[in-house]
Every structure is written in structure tokens, then in C-alpha cells.
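Novice: To be precise about what I am sending: the file is called input_11.txt and holds compact mmCIF, C-alpha atoms and all ligand atoms.
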```txt
# COMPACT_ATOMS: atom_id res chain seq x y z
CA MET A 13 -17.78 17.62 -2.93
CA THR A 14 -19.59 17.66 -6.26
CA LEU A 15 -17.81 15.28 -8.55
CA ASP A 16 -18.02 14.92 -12.30
CA PHE A 17 -16.98 11.46 -13.47
CA GLU A 18 -17.30 12.44 -17.15
CA LYS A 19 -19.76 9.64 -17.74
CA GLU A 20 -20.33 10.59 -21.39
CA LYS A 21 -16.62 10.28 -22.06
CA LEU A 22 -16.63 6.91 -20.29
CA VAL A 23 -19.43 5.61 -22.52
CA GLU A 24 -17.72 6.97 -25.64
CA GLU A 25 -14.41 5.32 -24.72
CA MET A 26 -16.12 2.00 -23.97
CA LYS A 27 -17.90 2.07 -27.33
CA LYS A 28 -14.67 2.94 -29.12
CA ARG A 29 -12.43 0.42 -27.33
CA LYS A 30 -15.07 -2.37 -27.16
CA PRO A 31 -13.64 -4.28 -24.15
CA LYS A 32 -15.42 -7.46 -23.03
CA LYS A 33 -14.22 -7.30 -19.45
CA VAL A 34 -12.75 -4.35 -17.51
CA LEU A 35 -11.06 -3.90 -14.15
CA VAL A 36 -12.01 -0.60 -12.54
CA GLN A 37 -9.70 1.11 -10.06
CA LEU A 38 -11.01 3.98 -7.96
CA ALA A 39 -8.89 6.42 -5.96
CA GLU A 40 -9.45 6.05 -2.22
CA GLY A 41 -11.89 8.96 -1.82
CA ILE A 42 -14.25 7.77 -4.56
CA LYS A 43 -14.61 4.04 -3.93
CA GLN A 44 -18.20 4.69 -2.80
CA ASN A 45 -19.09 5.56 -6.40
CA ALA A 46 -18.51 1.97 -7.60
CA PRO A 47 -22.23 0.99 -7.91
CA GLU A 48 -23.16 3.91 -10.20
CA LEU A 49 -20.14 3.28 -12.43
CA SER A 50 -20.93 -0.43 -12.55
CA GLU A 51 -24.44 0.38 -13.80
CA ILE A 52 -23.00 2.40 -16.70
CA ILE A 53 -20.38 -0.14 -17.72
CA GLU A 54 -22.53 -3.25 -17.25
CA GLY A 55 -25.33 -1.38 -19.06
CA LEU A 56 -23.11 -1.47 -22.15
CA GLY A 57 -22.86 -5.26 -21.90
CA ILE A 58 -19.29 -5.16 -20.52
CA GLU A 59 -18.29 -7.31 -17.57
CA CYS A 60 -16.99 -5.06 -14.82
CA ILE A 61 -14.88 -5.93 -11.76
CA PHE A 62 -13.74 -3.39 -9.15
CA SER A 63 -10.34 -3.57 -7.53
CA GLY A 64 -10.62 -3.41 -3.74
CA GLU A 65 -6.90 -2.78 -3.36
CA THR A 66 -5.69 0.64 -2.27
CA CYS A 67 -5.13 3.11 -5.05
CA TRP A 68 -3.19 6.13 -3.81
CA GLY A 69 -1.91 7.43 -7.13
CA GLY A 70 -1.68 7.05 -10.88
CA CYS A 71 1.37 4.88 -10.12
CA SER A 72 -0.85 2.11 -8.72
CA ILE A 73 -1.88 0.46 -11.95
CA ALA A 74 -3.32 -2.97 -11.09
CA VAL A 75 -1.45 -4.88 -13.78
CA GLN A 76 -1.14 -8.14 -11.81
CA GLU A 77 -4.85 -8.19 -10.91
CA ALA A 78 -5.76 -7.39 -14.50
CA GLU A 79 -3.60 -10.23 -15.82
CA ALA A 80 -4.99 -12.68 -13.26
CA LEU A 81 -8.55 -11.76 -14.20
CA GLY A 82 -7.91 -11.71 -17.95
CA VAL A 83 -9.42 -8.25 -18.54
CA ASP A 84 -8.94 -6.28 -21.77
CA LEU A 85 -8.82 -2.86 -20.15
CA ILE A 86 -8.09 -1.16 -16.82
CA VAL A 87 -10.22 1.90 -16.13
CA HIS A 88 -8.46 4.05 -13.56
CA PHE A 89 -10.55 6.84 -11.98
CA GLY A 90 -9.27 9.81 -10.04
CA HIS A 91 -5.70 10.33 -11.27
CA ALA A 92 -4.06 11.69 -14.39
CA GLU A 93 -2.05 9.51 -16.74
CA PHE A 94 1.16 8.43 -15.00
CA ILE A 95 2.78 5.48 -16.77
CA GLU A 96 2.22 3.26 -19.75
CA SER A 97 1.54 -0.42 -19.27
CA ASP A 98 1.25 -3.52 -21.48
CA ILE A 99 -2.43 -3.80 -20.55
CA PRO A 100 -4.32 -0.78 -21.94
CA VAL A 101 -5.29 1.74 -19.26
CA LEU A 102 -8.00 4.36 -19.59
CA TYR A 103 -7.25 7.14 -17.09
CA MET A 104 -10.41 9.02 -16.13
CA GLU A 105 -9.64 12.25 -14.26
CA VAL A 106 -12.53 13.07 -11.95
CA LYS A 107 -13.42 16.77 -11.77
CA ASP A 108 -14.42 18.49 -8.56
CA LEU A 109 -16.98 21.18 -9.39
CA LEU A 110 -16.65 23.00 -6.05
CA ASN A 111 -16.63 26.81 -6.24
CA LEU A 112 -13.05 27.79 -5.33
CA GLU A 113 -13.64 31.53 -5.10
CA PRO A 114 -14.18 31.62 -1.29
CA ILE A 115 -10.88 29.85 -0.56
CA LEU A 116 -9.03 31.92 -3.16
CA LYS A 117 -10.28 35.08 -1.41
CA LYS A 118 -9.22 33.63 1.93
CA SER A 119 -5.69 33.11 0.59
CA ILE A 120 -5.05 36.76 -0.31
CA PRO A 121 -3.94 37.94 3.18
CA HIS A 122 -1.47 35.01 3.31
CA LEU A 123 0.10 36.15 0.03
CA LYS A 124 0.33 39.88 0.65
CA GLU A 125 4.16 39.87 0.72
CA TYR A 126 4.48 38.09 -2.61
CA LYS A 127 4.05 39.56 -6.07
CA THR A 128 5.07 36.51 -8.11
CA ILE A 129 3.67 33.14 -7.13
CA GLY A 130 4.30 29.63 -8.40
CA LEU A 131 1.04 27.73 -8.75
CA SER A 132 0.37 24.00 -8.62
CA TYR A 133 -2.95 22.16 -8.34
CA SER A 134 -4.17 18.65 -7.76
CA ILE A 135 -5.80 17.04 -10.74
CA GLN A 136 -9.47 17.42 -9.78
CA HIS A 137 -9.16 21.22 -10.07
CA ARG A 138 -7.61 21.33 -13.53
CA GLN A 139 -10.76 22.67 -15.16
CA ASP A 140 -10.58 25.75 -12.87
CA LEU A 141 -7.03 26.70 -13.79
CA GLU A 142 -7.84 29.71 -15.97
CA LYS A 143 -10.26 31.07 -13.33
CA ILE A 144 -7.67 30.63 -10.58
CA LYS A 145 -4.98 32.38 -12.62
CA LYS A 146 -7.32 35.25 -13.47
CA PHE A 147 -8.33 35.61 -9.82
CA TYR A 148 -4.71 36.07 -8.71
CA GLU A 149 -3.82 38.28 -11.67
CA ASP A 150 -6.78 40.53 -10.85
CA ALA A 151 -5.38 40.67 -7.30
CA GLY A 152 -2.10 42.03 -8.74
CA LYS A 153 -0.05 38.83 -8.71
CA LYS A 154 2.07 37.36 -11.45
CA VAL A 155 1.33 33.64 -11.71
CA ILE A 156 3.82 31.08 -12.98
CA LEU A 157 2.72 27.46 -13.31
CA SER A 158 5.04 24.69 -12.20
CA LYS A 159 6.55 22.94 -15.22
CA LYS A 160 5.41 19.65 -16.69
CA LYS A 161 8.26 17.33 -15.72
CA GLY A 162 8.58 13.62 -15.03
CA PHE A 163 5.31 11.95 -14.05
CA VAL A 164 3.16 15.07 -13.97
CA ALA A 165 0.61 15.18 -16.76
CA TYR A 166 0.16 18.95 -17.26
CA GLU A 167 1.77 22.29 -16.51
CA GLY A 168 0.82 23.21 -12.96
CA HIS A 169 -0.29 19.67 -12.08
CA ILE A 170 1.24 18.26 -8.89
CA VAL A 171 1.90 14.68 -7.78
CA GLY A 172 3.42 13.69 -4.45
CA CYS A 173 6.64 12.13 -5.74
CA GLN A 174 7.61 14.56 -8.47
CA TYR A 175 8.61 18.12 -7.66
CA GLU A 176 11.08 18.83 -10.48
CA GLY A 177 8.47 21.09 -12.09
CA LEU A 178 8.34 23.27 -8.96
CA LYS A 179 12.11 23.29 -8.59
CA ALA A 180 12.37 24.47 -12.21
CA ILE A 181 10.56 27.74 -11.41
CA GLN A 182 11.64 28.35 -7.84
CA ASN A 183 14.17 31.04 -8.75
CA ASP A 184 11.46 32.99 -10.58
CA VAL A 185 8.84 33.05 -7.81
CA GLU A 186 8.67 34.38 -4.26
CA ALA A 187 6.34 31.70 -2.93
CA PHE A 188 4.34 28.67 -4.02
CA VAL A 189 0.58 28.27 -3.80
CA ILE A 190 -0.63 24.69 -3.74
CA LEU A 191 -4.29 23.96 -4.38
CA GLY A 192 -4.95 20.61 -2.89
CA ASN A 193 -4.11 19.04 0.43
CA GLN A 194 -1.45 18.66 3.09
CA PHE A 195 0.13 15.72 1.23
CA HIS A 196 1.04 17.74 -1.85
CA SER A 197 2.08 20.87 0.02
CA MET A 198 4.22 18.97 2.50
CA GLY A 199 6.11 17.40 -0.39
CA ALA A 200 6.50 20.84 -1.93
CA THR A 201 7.97 22.32 1.23
CA LEU A 202 10.52 19.49 1.34
CA ALA A 203 11.42 19.94 -2.31
CA VAL A 204 11.74 23.71 -2.72
CA LYS A 205 13.36 26.45 -0.69
CA LYS A 206 10.63 29.07 -1.11
CA PRO A 207 7.63 29.53 1.22
CA VAL A 208 4.71 27.24 0.47
CA VAL A 209 1.09 28.24 1.12
CA LEU A 210 -1.55 25.52 1.05
CA LEU A 211 -5.14 26.07 0.01
CA ASP A 212 -6.53 23.07 1.85
CA ILE A 213 -9.74 22.85 -0.09
CA TYR A 214 -11.62 20.13 1.77
CA ASN A 215 -10.81 21.57 5.20
CA ASP A 216 -11.57 25.12 3.99
CA ASP A 217 -8.26 26.32 5.40
CA VAL A 218 -5.30 28.33 4.13
CA ARG A 219 -1.98 27.87 5.88
CA SER A 220 1.74 28.27 5.50
CA MET A 221 3.92 25.17 5.60
CA GLU A 222 6.66 27.06 7.43
CA GLY A 223 8.30 25.10 10.23
CA LEU A 224 7.30 21.73 8.85
CA ARG A 225 10.39 21.41 6.66
CA ASP A 226 12.81 21.72 9.61
CA LYS A 227 10.85 19.25 11.69
CA ILE A 228 10.85 16.64 8.93
CA LEU A 229 14.50 17.19 8.05
CA LYS A 230 15.39 16.43 11.69
CA GLN A 231 13.44 13.17 11.47
CA ARG A 232 15.25 12.34 8.22
CA MET A 233 18.67 12.94 9.78
CA PHE A 234 17.69 10.71 12.69
CA SER A 235 16.70 7.90 10.29
CA ILE A 236 19.96 8.28 8.34
CA GLU A 237 21.97 7.92 11.57
CA LYS A 238 19.97 4.79 12.44
CA LEU A 239 20.72 3.24 9.06
CA LYS A 240 24.42 3.97 9.52
CA GLU A 241 24.35 1.96 12.77
CA ALA A 242 22.09 -0.83 11.45
CA LYS A 243 23.47 -4.36 11.07
CA ASN A 244 20.43 -5.98 9.42
CA VAL A 245 18.79 -3.96 6.68
CA GLY A 246 15.64 -4.68 4.65
CA ILE A 247 15.37 -3.23 1.14
CA ILE A 248 11.67 -3.14 0.29
CA VAL A 249 10.46 -3.20 -3.29
CA GLU A 250 6.83 -3.01 -4.36
CA ILE A 251 5.44 -4.71 -7.41
CA LYS A 252 3.40 -1.73 -8.61
CA PRO A 253 4.79 -0.72 -12.00
CA GLY A 254 4.85 3.01 -11.20
CA GLN A 255 6.66 2.63 -7.90
CA LYS A 256 10.27 1.94 -8.71
CA TYR A 257 12.48 4.53 -7.08
CA GLY A 258 15.97 3.08 -7.15
CA SER A 259 17.81 -0.12 -7.95
CA PRO A 260 17.54 -2.85 -5.27
CA ASP A 261 20.55 -4.77 -6.64
CA TYR A 262 22.79 -1.71 -6.57
CA LEU A 263 21.70 -0.87 -3.05
CA LEU A 264 22.19 -4.46 -1.88
CA GLU A 265 25.75 -4.45 -3.22
CA LYS A 266 26.54 -1.11 -1.55
CA MET A 267 25.06 -2.29 1.77
CA ARG A 268 27.12 -5.49 1.67
CA GLU A 269 30.29 -3.54 0.82
CA LYS A 270 29.68 -1.62 4.06
CA GLY A 271 29.43 -4.89 5.99
CA LYS A 272 25.67 -4.80 6.46
CA ASN A 273 23.53 -7.90 6.32
CA ALA A 274 21.02 -6.68 3.75
CA ILE A 275 18.08 -8.52 2.21
CA ILE A 276 15.50 -7.62 -0.43
CA ILE A 277 11.85 -7.89 0.59
CA THR A 278 8.89 -7.58 -1.77
CA MET A 279 5.50 -6.25 -0.69
CA SER A 280 2.32 -5.38 -2.56
CA GLU A 281 1.95 -2.46 -0.20
CA ILE A 282 4.13 -1.41 2.73
CA THR A 283 2.28 -1.34 6.06
CA PRO A 284 3.43 -1.14 9.70
CA ASP A 285 2.05 -4.67 10.42
CA LYS A 286 4.15 -6.24 7.68
CA ILE A 287 7.26 -4.36 8.80
CA MET A 288 6.69 -5.42 12.41
CA ASN A 289 7.04 -9.10 11.57
CA PHE A 290 10.59 -8.57 10.34
CA TYR A 291 11.59 -7.73 13.90
CA SER A 292 15.27 -8.64 13.45
CA ILE A 293 15.71 -5.93 10.81
CA ASP A 294 17.17 -2.73 12.27
CA ALA A 295 16.28 -0.35 9.43
CA PHE A 296 14.51 -0.44 6.07
CA VAL A 297 15.05 1.32 2.77
CA GLU A 298 11.94 1.47 0.63
CA LEU A 299 12.13 1.85 -3.12
CA ALA A 300 8.37 2.21 -3.59
CA CYS A 301 6.51 5.48 -3.02
CA PRO A 302 9.05 7.88 -1.44
CA ARG A 303 6.27 9.43 0.61
CA ILE A 304 5.91 6.32 2.78
CA ALA A 305 9.31 6.98 4.36
CA LEU A 306 8.78 10.72 4.61
CA ASP A 307 5.17 11.04 5.76
CA ASP A 308 4.67 7.98 7.93
CA PHE A 309 7.71 8.32 10.20
CA ALA A 310 5.60 8.04 13.37
CA LYS A 311 3.57 5.02 12.18
CA TYR A 312 6.50 2.66 11.78
CA PRO A 313 8.37 0.88 14.58
CA LYS A 314 11.69 0.99 12.65
CA PRO A 315 13.38 3.71 10.61
CA ILE A 316 12.46 3.66 6.92
CA LEU A 317 14.49 5.61 4.39
CA THR A 318 14.31 6.55 0.74
CA MET A 319 17.00 5.55 -1.76
CA ARG A 320 18.44 9.06 -1.73
CA GLU A 321 18.70 9.03 2.06
CA ALA A 322 20.26 5.56 2.02
CA MET A 323 22.96 6.96 -0.26
CA VAL A 324 23.76 9.53 2.44
CA ALA A 325 23.96 6.85 5.14
CA LEU A 326 26.32 4.85 2.91
CA GLY A 327 28.53 7.88 2.28
CA GLU A 328 27.71 7.99 -1.44
CA LYS A 329 25.99 11.39 -1.13
CA SER A 330 26.23 14.19 1.37
CA TRP A 331 23.45 15.63 3.52
CA GLU A 332 24.19 18.94 1.77
CA ASP A 333 23.27 17.26 -1.56
CA ILE A 334 19.92 16.33 -0.06
CA LEU A 335 19.36 19.86 1.19
CA GLU A 336 20.37 21.28 -2.17
CA GLN A 337 18.32 18.89 -4.34
CA GLY A 338 15.35 18.59 -1.99
CA VAL A 339 14.37 15.47 -0.04
CA ILE A 340 12.01 14.42 -2.83
S1 LIG B 401 4.49 7.06 -6.00
FE1 LIG B 401 3.45 7.86 -4.17
S2 LIG B 401 3.41 10.06 -4.44
FE2 LIG B 401 3.86 9.17 -6.45
S3 LIG B 401 1.86 9.01 -7.43
FE3 LIG B 401 2.28 7.07 -6.40
S4 LIG B 401 1.30 7.24 -4.38
FE4 LIG B 401 1.48 9.33 -5.25
```
Output the structure of this file as C-alpha cells.
Ligand code: SF4
Specialist:
Amino acid sequence: MTLDFEKEKLVEEMKKRKPKKVLVQLAEGIKQNAPELSEIIEGLGIECIFSGETCWGGCSIAVQEAEALGVDLIVHFGHAEFIESDIPVLYMEVKDLLNLEPILKKSIPHLKEYKTIGLSYSIQHRQDLEKIKKFYEDAGKKVILSKKKGFVAYEGHIVGCQYEGLKAIQNDVEAFVILGNQFHSMGATLAVKKPVVLLDIYNDDVRSMEGLRDKILKQRMFSIEKLKEAKNVGIIVEIKPGQKYGSPDYLLEKMREKGKNAIIITMSEITPDKIMNFYSIDAFVELACPRIALDDFAKYPKPILTMREAMVALGEKSWEDILEQGVI
């Protein structure tokens, strides 16, 4: 991986914004770059503190840490702009300079049946977009970028909790090509009804997501049934400002109307260990990142559902709605 942290832009922004003290957040894969970034920032006479908390997405803005430390600015590396916050945030998208041509060539046999493809990419490949489009157009494909909707920052950009931009073009394409990783493509296959082909860049692999959707939908139905039977239910909310997927009060009221003993639990981050300690709870609904419930089914000792799935268990929505609208 050859990464470009846009250090000149960082220096320019620091000189323009003139913070005295900054909190730096690094996405999980780039935490090892903290010392070199510290040198640059401290070299400008700015006090610099790194957040050691997990940072899975642009949603994870460390507002509470920033307030506790009294910083003037959060510098968030590795994700595109996601939300606004009261504390100023400088989002620094990190570019991956890897040559994508070999994996693009590898993808052609997987796409031979499709003339029109929907294209989405993860943020570190944004600078290659025109090259990628040209490559596929030269190979005789029509390329349509997923739309910029909700939390996504650009046309074609993909984030794991927002697939409205892919749904918006699904009737115009025969298949989707996702440049990124399993996380993004798995979400896509749950959200849209067209075939999804992943260009798994860091594993140098191209594969279809076929089959995965049915397997996950079965797990989701199982979890919904478990919530229907549950007596004690935990509604988990996270304090991250970008992770609010549903109203805990509304859900609590609906649960109680159905005779369930429901409680609201707050967590800074949901983990199996924390869940384990609430051993009297039969099922959880999490209103934080929807991917925790969907991706980590096997890691958790109890069923965990999203808000949308909880609505099915409570009879407020039908399973057909979920299938029609997509799980995410
Ligand atoms: S809510 Fe989840 S999927 Fe969405 S950006 Fe945050 S970590 Fe990624």
C-alpha cells in the first residue's frame, strides 16, 4: 500500500486554521502513521494528541474526547466528510496510489455478461475514478456511478451504512462493481437486487457476492424470530454523533406495548464482552452502526438486530418490506 496523506494540504490547513491543540483520529489501517503526522503538526508549534479509540468510519467523530481535552480542531484521517459537528473537523482523505490496472484486467472475465455496470469505490481510490471509468469504457462497458445520497461524499463513493445511491441506479444497470473490500460489497449485496462483483484490492481477488445475500437473510430472519420470543430486550445506543439509526424512545414504547421488558443501554462501542455481561437480556436492538448487527452475527452470544428488523419483529413492518427496501 502506498499512501498519500496529502501532507502539503495538512500544513496549509493548519496554517490557515491556526489551532493551538488538535486531536488526531486515524482510521484503523493507518494508526501506524501517527509518529510521522505528529512530527508535521508539532513542527508547526501545534500541540497534537492522537485518539487511541477505534475509528471505523467518518461517523466516529471523537467529539467527547475533543471536549474533554479542550482541543480547537479534530483532524480525521482516512474517511471522507460524513457529518458536521460543533467542534471543527478537518477530514483528510488518504489516497492509495496503488496501480489498479492489474485488478481491473482481472475483473473483465467476471463481467462478460454485463454491458452496463454500476460503479462504486471506497474513498482511497477516488483519484483513480476517471482511469477506472475509461478502462471499462474501453472494454465496451457503459459505466454509471452510484448517486451521491445521504452520508456519501461524492458520486460513486461508498460507505457501509448508506446504499441509497446504489439503489437509485439499480434499474439502469445489470450488475454492480465495487472497488474496495468485502465490507462494502457485502452491504451492497444486501441492499440491491442486482449481482455484485467485488474487486478486493488488498487481497488481489475478484469475486461475485452471489450466495451471500441468502445466507445473511436467513440469519436475519432467525434473529427476528428470537426478538419476537424475547422477554428482556436491550436497546443499545452509542454516543458517537454519526451513529444514530433510529429513535430509542420510540422503540422502547413499542417494545413495552408488546409486553416486553425493554431497557436502553449506552455504550461507547458495542463489543461481545460488554454484551455478555447483560446475560439476562434475551435479544438486543442496536441503533448504532447497522453493520454490527449484520456482519458480526457469529461473534455475539445473543441476537442483535437493527431498528428496521426490530420493526418487523414488532409487526410494524413486514419481512417483504425489508426484502423490497434492502436490509440496509
Ligand atoms: S455507521 Fe458503520 S458503516 Fe456507517 S460509516 Fe460508521 S462505521 Fe461505517
Novice: Determine, counting only C-alpha atoms, which protein, DNA and RNA residues have an atom within 8 Å of an atom of Ile282 (chain A); residues of the same chain fewer than 4 positions away are not included. Present the result as a PDB file with C-alpha atoms, in the coordinates of the input.
Specialist:
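selection.pdb was written with the following content:
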```pdb
ATOM      1  CA  GLU A 250       6.830  -3.010  -4.360  1.00  0.00           C
ATOM      2  CA  LYS A 286       4.150  -6.240   7.680  1.00  0.00           C
ATOM      3  CA  ILE A 287       7.260  -4.360   8.800  1.00  0.00           C
ATOM      4  CA  ILE A 304       5.910   6.320   2.780  1.00  0.00           C
TER       5      ILE A 304
END
```
Novice: Contacts between ligand LIG 401 (chain B) and chain A, please, where a residue of chain A counts if it comes within 7 Å (with all atoms listed in the file); show its shortest atom pair and distance in Å to one decimal, rows by chain and ascending number, as CSV.
Specialist:
```
residue,atom,partner,partner_atom,distance
A:Trp68,CA,B:LIG401,S4,4.7
A:Gly69,CA,B:LIG401,S3,4.1
A:Gly70,CA,B:LIG401,S3,5.3
A:Cys71,CA,B:LIG401,FE3,4.4
A:Ser72,CA,B:LIG401,FE3,6.3
A:Val171,CA,B:LIG401,S3,5.7
A:Gly172,CA,B:LIG401,S2,3.6
A:Cys173,CA,B:LIG401,S2,4.1
A:Gln174,CA,B:LIG401,FE2,6.9
A:Gly254,CA,B:LIG401,S1,6.6
A:Gln255,CA,B:LIG401,S1,5.3
A:Ala300,CA,B:LIG401,S1,6.7
A:Cys301,CA,B:LIG401,S1,3.9
A:Pro302,CA,B:LIG401,FE1,6.2
A:Arg303,CA,B:LIG401,FE1,5.8
```
Novice: May I ask for the distance between CA of Thr318 (chain A) and CA of Gln136 (chain A), given in Å to one decimal place?
Specialist: 28.2 Å
Novice: Pick the closest to Asp16 (chain A) from A:Cys67, A:Met104, A:Ile181, A:Val339: which is it, counting only C-alpha atoms?
Specialist: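 Among A:Cys67, A:Met104, A:Ile181, A:Val339, it is A:Met104 that comes nearest to Asp16 (chain A).
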Novice: Which residue gives the smallest distance to Ile115 (chain A) among A:Phe94, A:Phe309, A:Phe290, A:Tyr214, with all atoms listed in the file counted?
Specialist: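 Once distances to Ile115 (chain A) are computed over all atoms listed in the file, the minimum belongs to A:Tyr214.
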